[in-house]
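Q: One file is attached below, run-v7.csv, containing CSV, C-alpha atoms.
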chain,number,residue,atom,x,y,z
A,1,MET,CA,139.2,97.8,16.3
A,2,ILE,CA,141.9,100.3,15.4
A,3,THR,CA,144.6,97.6,15.4
A,4,ALA,CA,142.5,95.4,13.2
A,5,ILE,CA,142.0,98.2,10.7
A,6,THR,CA,145.7,99.0,10.7
A,7,GLY,CA,146.5,95.4,10.1
A,8,THR,CA,144.1,95.2,7.2
A,9,LYS,CA,145.7,98.3,5.7
A,10,GLY,CA,149.2,96.8,6.2
A,11,SER,CA,148.2,93.5,4.5
A,12,ARG,CA,146.7,95.5,1.6
A,13,PHE,CA,149.9,97.4,1.1
A,14,ARG,CA,151.9,94.1,1.2
A,15,ARG,CA,149.6,92.6,-1.4
A,16,ALA,CA,150.0,95.7,-3.5
A,17,ALA,CA,153.7,95.5,-3.2
A,18,ALA,CA,153.7,91.9,-4.2
A,19,VAL,CA,151.6,92.7,-7.3
A,20,SER,CA,154.0,95.4,-8.2
A,21,VAL,CA,157.0,93.2,-7.8
A,22,THR,CA,155.3,90.5,-9.9
A,23,ALA,CA,154.5,93.0,-12.6
A,24,GLY,CA,158.0,94.2,-12.6
A,25,ALA,CA,159.3,90.7,-13.0
A,26,VAL,CA,157.0,90.0,-16.0
A,27,LEU,CA,158.2,93.2,-17.7
A,28,ALA,CA,161.8,92.3,-17.1
A,29,ALA,CA,161.3,88.9,-18.6
A,30,GLY,CA,159.4,90.3,-21.7
A,31,ALA,CA,160.6,91.2,-25.1
A,32,PHE,CA,161.5,94.7,-24.1
A,33,ALA,CA,163.7,93.7,-21.1
A,34,ALA,CA,163.7,96.3,-18.4
A,35,ALA,CA,161.0,99.0,-18.5
A,36,PRO,CA,162.2,102.5,-19.1
A,37,ALA,CA,162.3,104.7,-15.9
A,38,GLN,CA,159.4,106.8,-16.9
A,39,ALA,CA,157.2,103.7,-17.2
A,40,VAL,CA,157.4,103.0,-13.4
A,41,THR,CA,154.0,103.7,-11.8
A,42,THR,CA,154.1,106.6,-9.4
A,43,PRO,CA,152.9,105.4,-6.0
A,44,SER,CA,150.1,107.0,-3.9
A,45,ILE,CA,150.9,107.6,-0.3
A,46,VAL,CA,148.7,108.5,2.7
A,47,ALA,CA,151.2,111.0,4.1
A,48,LYS,CA,150.4,114.6,3.3
A,49,GLY,CA,153.9,115.3,2.1
A,50,GLY,CA,156.6,113.1,0.6
A,51,TYR,CA,160.0,113.4,-1.2
A,52,VAL,CA,162.6,111.0,-2.4
A,53,MET,CA,166.0,111.6,-4.0
A,54,ASN,CA,169.0,109.8,-5.3
A,55,ASN,CA,171.5,110.3,-2.5
A,56,ALA,CA,174.4,110.1,-4.9
A,57,ASN,CA,173.6,113.2,-6.9
A,58,GLY,CA,170.6,114.8,-5.2
A,59,SER,CA,168.3,114.3,-8.2
A,60,THR,CA,164.6,114.2,-7.4
A,61,LEU,CA,162.8,110.9,-7.8
A,62,TYR,CA,159.4,111.6,-6.2
A,63,THR,CA,157.5,114.6,-4.8
A,64,LYS,CA,154.2,115.2,-3.1
A,65,ALA,CA,153.7,118.6,-1.5
A,66,ALA,CA,157.5,118.4,-1.1
A,67,ASP,CA,157.9,122.1,-0.4
A,68,THR,CA,154.9,122.6,1.9
A,69,ARG,CA,156.0,123.6,5.4
A,70,ARG,CA,154.8,121.3,8.1
A,71,SER,CA,155.6,120.5,11.8
A,72,THR,CA,158.3,117.9,11.9
A,73,GLY,CA,158.1,116.4,15.3
A,74,SER,CA,161.3,114.5,16.4
A,75,THR,CA,162.7,114.4,12.9
A,76,THR,CA,164.0,117.8,14.1
A,77,LYS,CA,166.6,115.8,16.0
A,78,ILE,CA,168.5,115.0,12.8
A,79,MET,CA,169.6,118.6,12.8
A,80,THR,CA,170.3,118.5,16.5
A,81,ALA,CA,172.7,115.6,15.9
A,82,LYS,CA,174.2,117.3,12.8
A,83,VAL,CA,175.0,120.4,14.7
A,84,VAL,CA,176.6,118.5,17.6
A,85,LEU,CA,178.7,116.5,15.2
A,86,ALA,CA,179.9,119.6,13.4
A,87,GLN,CA,181.4,121.2,16.5
A,88,PRO,CA,185.1,121.9,16.2
A,89,ASN,CA,187.4,119.5,18.1
A,90,LEU,CA,184.4,117.4,19.1
A,91,ASN,CA,185.2,114.8,21.8
A,92,LEU,CA,182.6,112.1,21.6
A,93,ASP,CA,183.9,110.7,24.9
A,94,LYS,CA,183.4,114.0,26.8
A,95,LYS,CA,181.2,113.4,29.9
A,96,VAL,CA,178.0,115.4,30.4
A,97,THR,CA,176.4,115.5,33.9
A,98,ILE,CA,172.6,115.0,33.6
A,99,GLN,CA,170.8,117.9,35.2
A,100,LYS,CA,167.4,117.9,36.9
A,101,ALA,CA,166.2,120.4,34.4
A,102,TYR,CA,166.4,117.8,31.6
A,103,SER,CA,164.3,115.3,33.6
A,104,ASP,CA,161.8,118.0,34.6
A,105,TYR,CA,161.5,119.1,31.0
A,106,VAL,CA,160.5,115.7,29.6
A,107,VAL,CA,158.0,115.1,32.5
A,108,ALA,CA,156.4,118.5,32.0
A,109,ASN,CA,156.1,117.9,28.2
A,110,ASN,CA,155.2,114.2,28.4
A,111,ALA,CA,158.0,113.8,25.9
A,112,SER,CA,159.8,110.8,24.6
A,113,GLN,CA,162.9,110.2,26.6
A,114,ALA,CA,166.1,108.2,27.1
A,115,HIS,CA,165.3,108.0,30.9
A,116,LEU,CA,168.6,109.6,31.8
A,117,ILE,CA,169.3,109.7,35.5
A,118,VAL,CA,170.0,113.0,37.2
A,119,GLY,CA,173.6,113.2,38.4
A,120,ASP,CA,174.9,110.5,36.0
A,121,LYS,CA,177.8,111.3,33.7
A,122,VAL,CA,177.0,110.3,30.1
A,123,THR,CA,179.3,110.6,27.2
A,124,VAL,CA,178.4,112.7,24.1
A,125,ARG,CA,178.4,109.6,22.0
A,126,GLN,CA,175.9,107.9,24.4
A,127,LEU,CA,173.8,111.1,24.3
A,128,LEU,CA,173.7,110.8,20.5
A,129,TYR,CA,172.4,107.2,20.8
A,130,GLY,CA,169.8,108.4,23.4
A,131,LEU,CA,168.8,111.2,21.0
A,132,MET,CA,168.3,109.2,17.9
A,133,LEU,CA,167.2,105.7,19.0
A,134,PRO,CA,164.5,106.2,21.7
A,135,SER,CA,164.2,109.9,20.5
A,136,GLY,CA,165.2,111.2,23.9
A,137,CYS,CA,164.2,114.8,24.5
A,138,ASP,CA,166.3,114.7,27.7
A,139,ALA,CA,169.3,113.7,25.6
A,140,ALA,CA,168.5,116.6,23.2
A,141,TYR,CA,168.3,119.1,26.0
A,142,ALA,CA,171.6,117.8,27.4
A,143,LEU,CA,173.3,118.3,24.0
A,144,ALA,CA,171.8,121.7,23.4
A,145,ASP,CA,172.9,122.8,26.9
A,146,THR,CA,176.4,121.5,26.3
A,147,TYR,CA,177.0,122.9,22.8
A,148,GLY,CA,175.3,126.2,23.0
A,149,SER,CA,177.1,129.3,24.3
A,150,GLY,CA,176.1,131.5,27.2
A,151,THR,CA,176.2,131.9,31.0
A,152,THR,CA,172.7,130.6,31.6
A,153,ARG,CA,170.9,127.4,30.4
A,154,ALA,CA,168.3,129.4,28.6
A,155,ALA,CA,171.0,131.4,26.7
A,156,ARG,CA,172.9,128.2,25.8
A,157,VAL,CA,169.7,126.6,24.4
A,158,LYS,CA,168.9,129.7,22.4
A,159,SER,CA,172.4,129.7,21.0
A,160,PHE,CA,172.2,126.0,20.1
A,161,ILE,CA,168.9,126.5,18.2
A,162,GLY,CA,170.6,129.4,16.5
A,163,LYS,CA,173.3,127.0,15.3
A,164,MET,CA,170.5,124.7,13.9
A,165,ASN,CA,169.1,127.6,11.9
A,166,LYS,CA,172.5,128.6,10.7
A,167,ALA,CA,173.1,125.0,9.5
A,168,ALA,CA,169.8,125.1,7.6
A,169,SER,CA,170.7,128.5,6.1
A,170,ASP,CA,174.1,127.1,5.0
A,171,LEU,CA,172.2,124.3,3.2
A,172,HIS,CA,170.1,127.0,1.5
A,173,LEU,CA,166.9,125.6,3.0
A,174,ALA,CA,164.4,128.4,2.6
A,175,ASN,CA,161.4,126.5,4.1
A,176,THR,CA,163.0,125.3,7.3
A,177,HIS,CA,163.1,127.0,10.7
A,178,PHE,CA,163.8,125.6,14.2
A,179,ASP,CA,162.5,127.0,17.5
A,180,SER,CA,163.4,124.0,19.5
A,181,PHE,CA,166.2,121.4,19.9
A,182,ASP,CA,163.9,118.4,19.8
A,183,GLY,CA,160.7,119.2,17.8
A,184,ILE,CA,158.6,120.3,20.7
A,185,GLY,CA,158.2,123.6,19.0
A,186,ASN,CA,156.7,126.9,20.1
A,187,GLY,CA,154.7,127.4,16.9
A,188,ASN,CA,157.6,128.2,14.6
A,189,ASN,CA,159.3,124.8,14.1
A,190,TYR,CA,158.8,123.6,10.6
A,191,SER,CA,160.4,122.1,7.5
A,192,THR,CA,159.4,120.3,4.3
A,193,PRO,CA,159.9,116.8,2.9
A,194,ARG,CA,162.5,118.1,0.5
A,195,ASP,CA,164.4,120.2,3.1
A,196,LEU,CA,164.4,117.4,5.7
A,197,THR,CA,165.7,115.0,3.1
A,198,LYS,CA,168.6,117.4,2.3
A,199,ILE,CA,169.4,117.8,6.1
A,200,ALA,CA,169.5,114.0,6.5
A,201,SER,CA,171.6,113.5,3.4
A,202,SER,CA,174.1,116.1,4.7
A,203,ALA,CA,174.1,114.4,8.2
A,204,MET,CA,174.7,111.0,6.7
A,205,LYS,CA,178.1,112.2,5.4
A,206,ASN,CA,179.3,111.9,9.0
A,207,SER,CA,180.4,108.4,9.9
A,208,THR,CA,179.3,108.6,13.5
A,209,PHE,CA,175.8,109.7,12.5
A,210,ARG,CA,175.6,106.8,10.0
A,211,THR,CA,176.6,104.4,12.7
A,212,VAL,CA,174.1,105.7,15.2
A,213,VAL,CA,171.0,105.8,13.0
A,214,LYS,CA,171.4,102.3,11.6
A,215,THR,CA,171.8,100.8,15.1
A,216,LYS,CA,168.7,98.8,16.2
A,217,SER,CA,169.5,98.7,20.0
A,218,TYR,CA,172.2,100.2,22.2
A,219,THR,CA,173.0,99.8,25.9
A,220,ALA,CA,174.8,102.7,27.6
A,221,LYS,CA,177.0,102.3,30.6
A,222,THR,CA,176.9,105.6,32.5
A,223,VAL,CA,178.9,106.8,35.6
A,224,THR,CA,176.7,107.4,38.7
A,225,LYS,CA,177.2,110.2,41.3
A,226,THR,CA,179.2,107.7,43.5
A,227,GLY,CA,181.5,106.7,40.6
A,228,SER,CA,179.9,103.3,40.0
A,229,ILE,CA,178.8,102.0,36.6
A,230,ARG,CA,175.1,102.0,35.8
A,231,THR,CA,174.0,99.8,32.9
A,232,MET,CA,171.0,101.5,31.4
A,233,ASN,CA,168.0,99.7,29.9
A,234,PRO,CA,168.6,99.2,26.2
A,235,TRP,CA,167.6,102.0,23.9
A,236,THR,CA,165.6,100.6,21.0
A,237,ASN,CA,165.5,102.4,17.7
A,238,THR,CA,162.0,103.7,16.9
A,239,ASN,CA,162.6,103.2,13.1
A,240,GLY,CA,160.9,100.0,12.3
A,241,LEU,CA,162.2,100.0,8.8
A,242,LEU,CA,165.6,98.7,10.1
A,243,SER,CA,163.9,95.4,10.8
A,244,SER,CA,161.3,95.3,8.0
A,245,TYR,CA,162.9,96.8,4.9
A,246,SER,CA,166.1,95.2,3.5
A,247,GLY,CA,168.9,97.7,3.0
A,248,THR,CA,167.6,100.3,5.4
A,249,ILE,CA,170.4,102.5,6.9
A,250,GLY,CA,168.4,105.1,8.8
A,251,VAL,CA,167.2,107.7,9.6
A,252,LYS,CA,164.7,109.1,12.1
A,253,THR,CA,161.0,108.9,13.2
A,254,GLY,CA,158.9,111.8,14.4
A,255,SER,CA,155.3,112.3,15.7
A,256,GLY,CA,153.1,114.7,17.5
A,257,PRO,CA,149.6,116.1,17.6
A,258,GLU,CA,150.5,118.7,15.0
A,259,ALA,CA,153.1,116.8,13.0
A,260,GLY,CA,151.2,113.5,12.7
A,261,TYR,CA,153.5,110.6,11.9
A,262,CYS,CA,156.7,111.4,10.2
A,263,LEU,CA,159.7,109.4,8.9
A,264,VAL,CA,162.9,110.3,7.3
A,265,PHE,CA,164.3,107.2,5.7
A,266,ALA,CA,167.3,105.9,3.7
A,267,ALA,CA,168.2,102.5,2.2
A,268,THR,CA,171.0,101.1,0.0
A,269,ARG,CA,170.5,98.4,-2.5
A,270,GLY,CA,172.8,97.3,-5.3
A,271,GLY,CA,175.2,100.1,-4.5
A,272,LYS,CA,172.5,102.8,-4.9
A,273,THR,CA,171.1,104.8,-2.0
A,274,VAL,CA,167.7,106.5,-1.9
A,275,ILE,CA,166.8,108.9,0.8
A,276,GLY,CA,163.5,110.6,1.6
A,277,THR,CA,160.9,111.9,3.9
A,278,VAL,CA,157.2,111.4,4.6
A,279,LEU,CA,155.4,114.0,6.8
A,280,SER,CA,152.0,113.9,8.4
A,281,SER,CA,151.0,110.2,7.8
A,282,THR,CA,148.3,108.7,9.9
A,283,SER,CA,150.0,106.0,12.1
A,284,ILE,CA,153.3,104.3,12.7
A,285,PRO,CA,152.4,101.3,10.4
A,286,GLN,CA,151.2,103.8,7.7
A,287,ARG,CA,154.3,106.0,7.7
A,288,GLU,CA,156.4,102.8,7.3
A,289,ALA,CA,154.1,101.6,4.5
A,290,ASP,CA,154.4,105.0,2.8
A,291,ALA,CA,158.2,105.0,3.1
A,292,LYS,CA,158.5,101.4,1.7
A,293,LYS,CA,156.4,102.4,-1.3
A,294,LEU,CA,158.6,105.4,-2.0
A,295,MET,CA,161.8,103.5,-1.6
A,296,ASN,CA,160.6,100.7,-3.9
A,297,TYR,CA,159.7,103.4,-6.4
A,298,GLY,CA,163.0,105.2,-6.0
A,299,PHE,CA,165.0,102.0,-6.6
A,300,ALA,CA,162.8,101.2,-9.6
A,301,ARG,CA,163.5,104.6,-11.0
A,302,LEU,CA,167.2,104.1,-10.6
A,303,GLY,CA,167.0,100.7,-12.3
Is it possible to give me this structure as structure tokens?
A:
Amino acid sequence: MITAITGTKGSRFRRAAAVSVTAGAVLAAGAFAAAPAQAVTTPSIVAKGGYVMNNANGSTLYTKAADTRRSTGSTTKIMTAKVVLAQPNLNLDKKVTIQKAYSDYVVANNASQAHLIVGDKVTVRQLLYGLMLPSGCDAAYALADTYGSGTTRAARVKSFIGKMNKAASDLHLANTHFDSFDGIGNGNNYSTPRDLTKIASSAMKNSTFRTVVKTKSYTAKTVTKTGSIRTMNPWTNTNGLLSSYSGTIGVKTGSGPEAGYCLVFAATRGGKTVIGTVLSSTSIPQREADAKKLMNYGFARLG
């Protein structure tokens, strides 16, 4: 029954989009040629919060509770990746040995995972794919443990989260705070649609990040304890927009009991890039429908 309702909603959104496109075509063909930007109808979304901006200059194109703090789920991992990629003298081919603690953590939290195998040696580059495509909390833990400072795992994780908050502060994001490396927060992990969009826009300046987040599927070959090569099951990107919205170039999904369904998205069409966020939507299909509406609106605004 739930599936049927979702499908109905989806078709309704598609019909609405088709009507919108048709209306736009009529306007463009009319005596006044293209409609002025302010005449574009502002969309209504189900998500509790939303924000879209022109990635070229950071100008705002859409807001809905854009500065209201909310739980962000796994969209937190955008900052995790950003912090890793900002490390001095980063070696993406550095091998990290997977610890039992990482596996125990995802099991204990019933968390999304990359199904990393204890004892395997996995490169930092592979961990970034495992972090961003299947949203692996085990990969996030491995990266935080590797790039935090301290003599204990707990100290290193705390240090890494400190780096995440320092990066947010450097971007002047007053409404963002991290208390986890993966979005499984302890009551004090939050951001806003505007802030998350700015984090993503900053992260997208890194070529490795851009490559990872636009990848639909990735198969890692890891090194086992005995030195043999293990071909992992393919990691599939949880961002359905990569297959359903032309021009999509990223970025990251998120979900959780408190966060609802979240999506940070970006697309390029006609040489123009819009980037944005929806927080606390009601389902996976709904967050994608919300994002598509906002991207269509953003591109219409940009002309």
Q: In the coordinate frame of the file, compute which residues have an atom within 12 Å of (173.6, 113.2, 26.2) when using only C-alpha atoms, and state them as a PyMOL selection string.
A: chain A and resi 80-81+84+92-99+102+113-118+120-132+135-147+220+222
Q: List the neighbours of Lys163 of chain A out to 12 Å using only C-alpha atoms; skip same-chain residues closer than 5 positions along the sequence, and give me the result as a list in words.
A: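 Answer for this query is Met79, Thr80, Ala81, Lys82, Val83, Val84, Leu85, Ala86, Gln87, Ala144, Tyr147, Gly148, Ser149, Arg156, Val157, Lys158, Ala168, Ser169, Asp170, His177, Phe178, Asp179, Ser180 and Phe181 of chain A.
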Q: Kindly export the residues of the current selection with C-alpha atoms, as a PDB file, in the frame of the given file.
A:
ATOM      1  CA  MET A  79     169.600 118.600  12.800  1.00  0.00           C
ATOM      2  CA  THR A  80     170.300 118.500  16.500  1.00  0.00           C
ATOM      3  CA  ALA A  81     172.700 115.600  15.900  1.00  0.00           C
ATOM      4  CA  LYS A  82     174.200 117.300  12.800  1.00  0.00           C
ATOM      5  CA  VAL A  83     175.000 120.400  14.700  1.00  0.00           C
ATOM      6  CA  VAL A  84     176.600 118.500  17.600  1.00  0.00           C
ATOM      7  CA  LEU A  85     178.700 116.500  15.200  1.00  0.00           C
ATOM      8  CA  ALA A  86     179.900 119.600  13.400  1.00  0.00           C
ATOM      9  CA  GLN A  87     181.400 121.200  16.500  1.00  0.00           C
ATOM     10  CA  ALA A 144     171.800 121.700  23.400  1.00  0.00           C
ATOM     11  CA  TYR A 147     177.000 122.900  22.800  1.00  0.00           C
ATOM     12  CA  GLY A 148     175.300 126.200  23.000  1.00  0.00           C
ATOM     13  CA  SER A 149     177.100 129.300  24.300  1.00  0.00           C
ATOM     14  CA  ARG A 156     172.900 128.200  25.800  1.00  0.00           C
ATOM     15  CA  VAL A 157     169.700 126.600  24.400  1.00  0.00           C
ATOM     16  CA  LYS A 158     168.900 129.700  22.400  1.00  0.00           C
ATOM     17  CA  ALA A 168     169.800 125.100   7.600  1.00  0.00           C
ATOM     18  CA  SER A 169     170.700 128.500   6.100  1.00  0.00           C
ATOM     19  CA  ASP A 170     174.100 127.100   5.000  1.00  0.00           C
ATOM     20  CA  HIS A 177     163.100 127.000  10.700  1.00  0.00           C
ATOM     21  CA  PHE A 178     163.800 125.600  14.200  1.00  0.00           C
ATOM     22  CA  ASP A 179     162.500 127.000  17.500  1.00  0.00           C
ATOM     23  CA  SER A 180     163.400 124.000  19.500  1.00  0.00           C
ATOM     24  CA  PHE A 181     166.200 121.400  19.900  1.00  0.00           C
TER      25      PHE A 181
END
Q: Go ahead and compute the interatomic distance for atom CA of His172 of chain A and atom CA of Ser202 of chain A, in Å to one decimal.
A: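 Between these atoms lies a distance of 12.0 Å.
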Q: So what do you get for atom CA of Tyr245 of chain A versus atom CA of Arg269 of chain A, distance-wise?
A: 10.7 Å
Q: Mind giving me the straight-line distance from atom CA of Ser71 of chain A to atom CA of Ala259 of chain A in Å, one decimal?
A: 4.6 Å
Q: Which is closer to Ser44 of chain A than all the others in A:Lys64, A:Ala200, A:Asn57, A:Asn239, using only C-alpha atoms?
A: A:Lys64
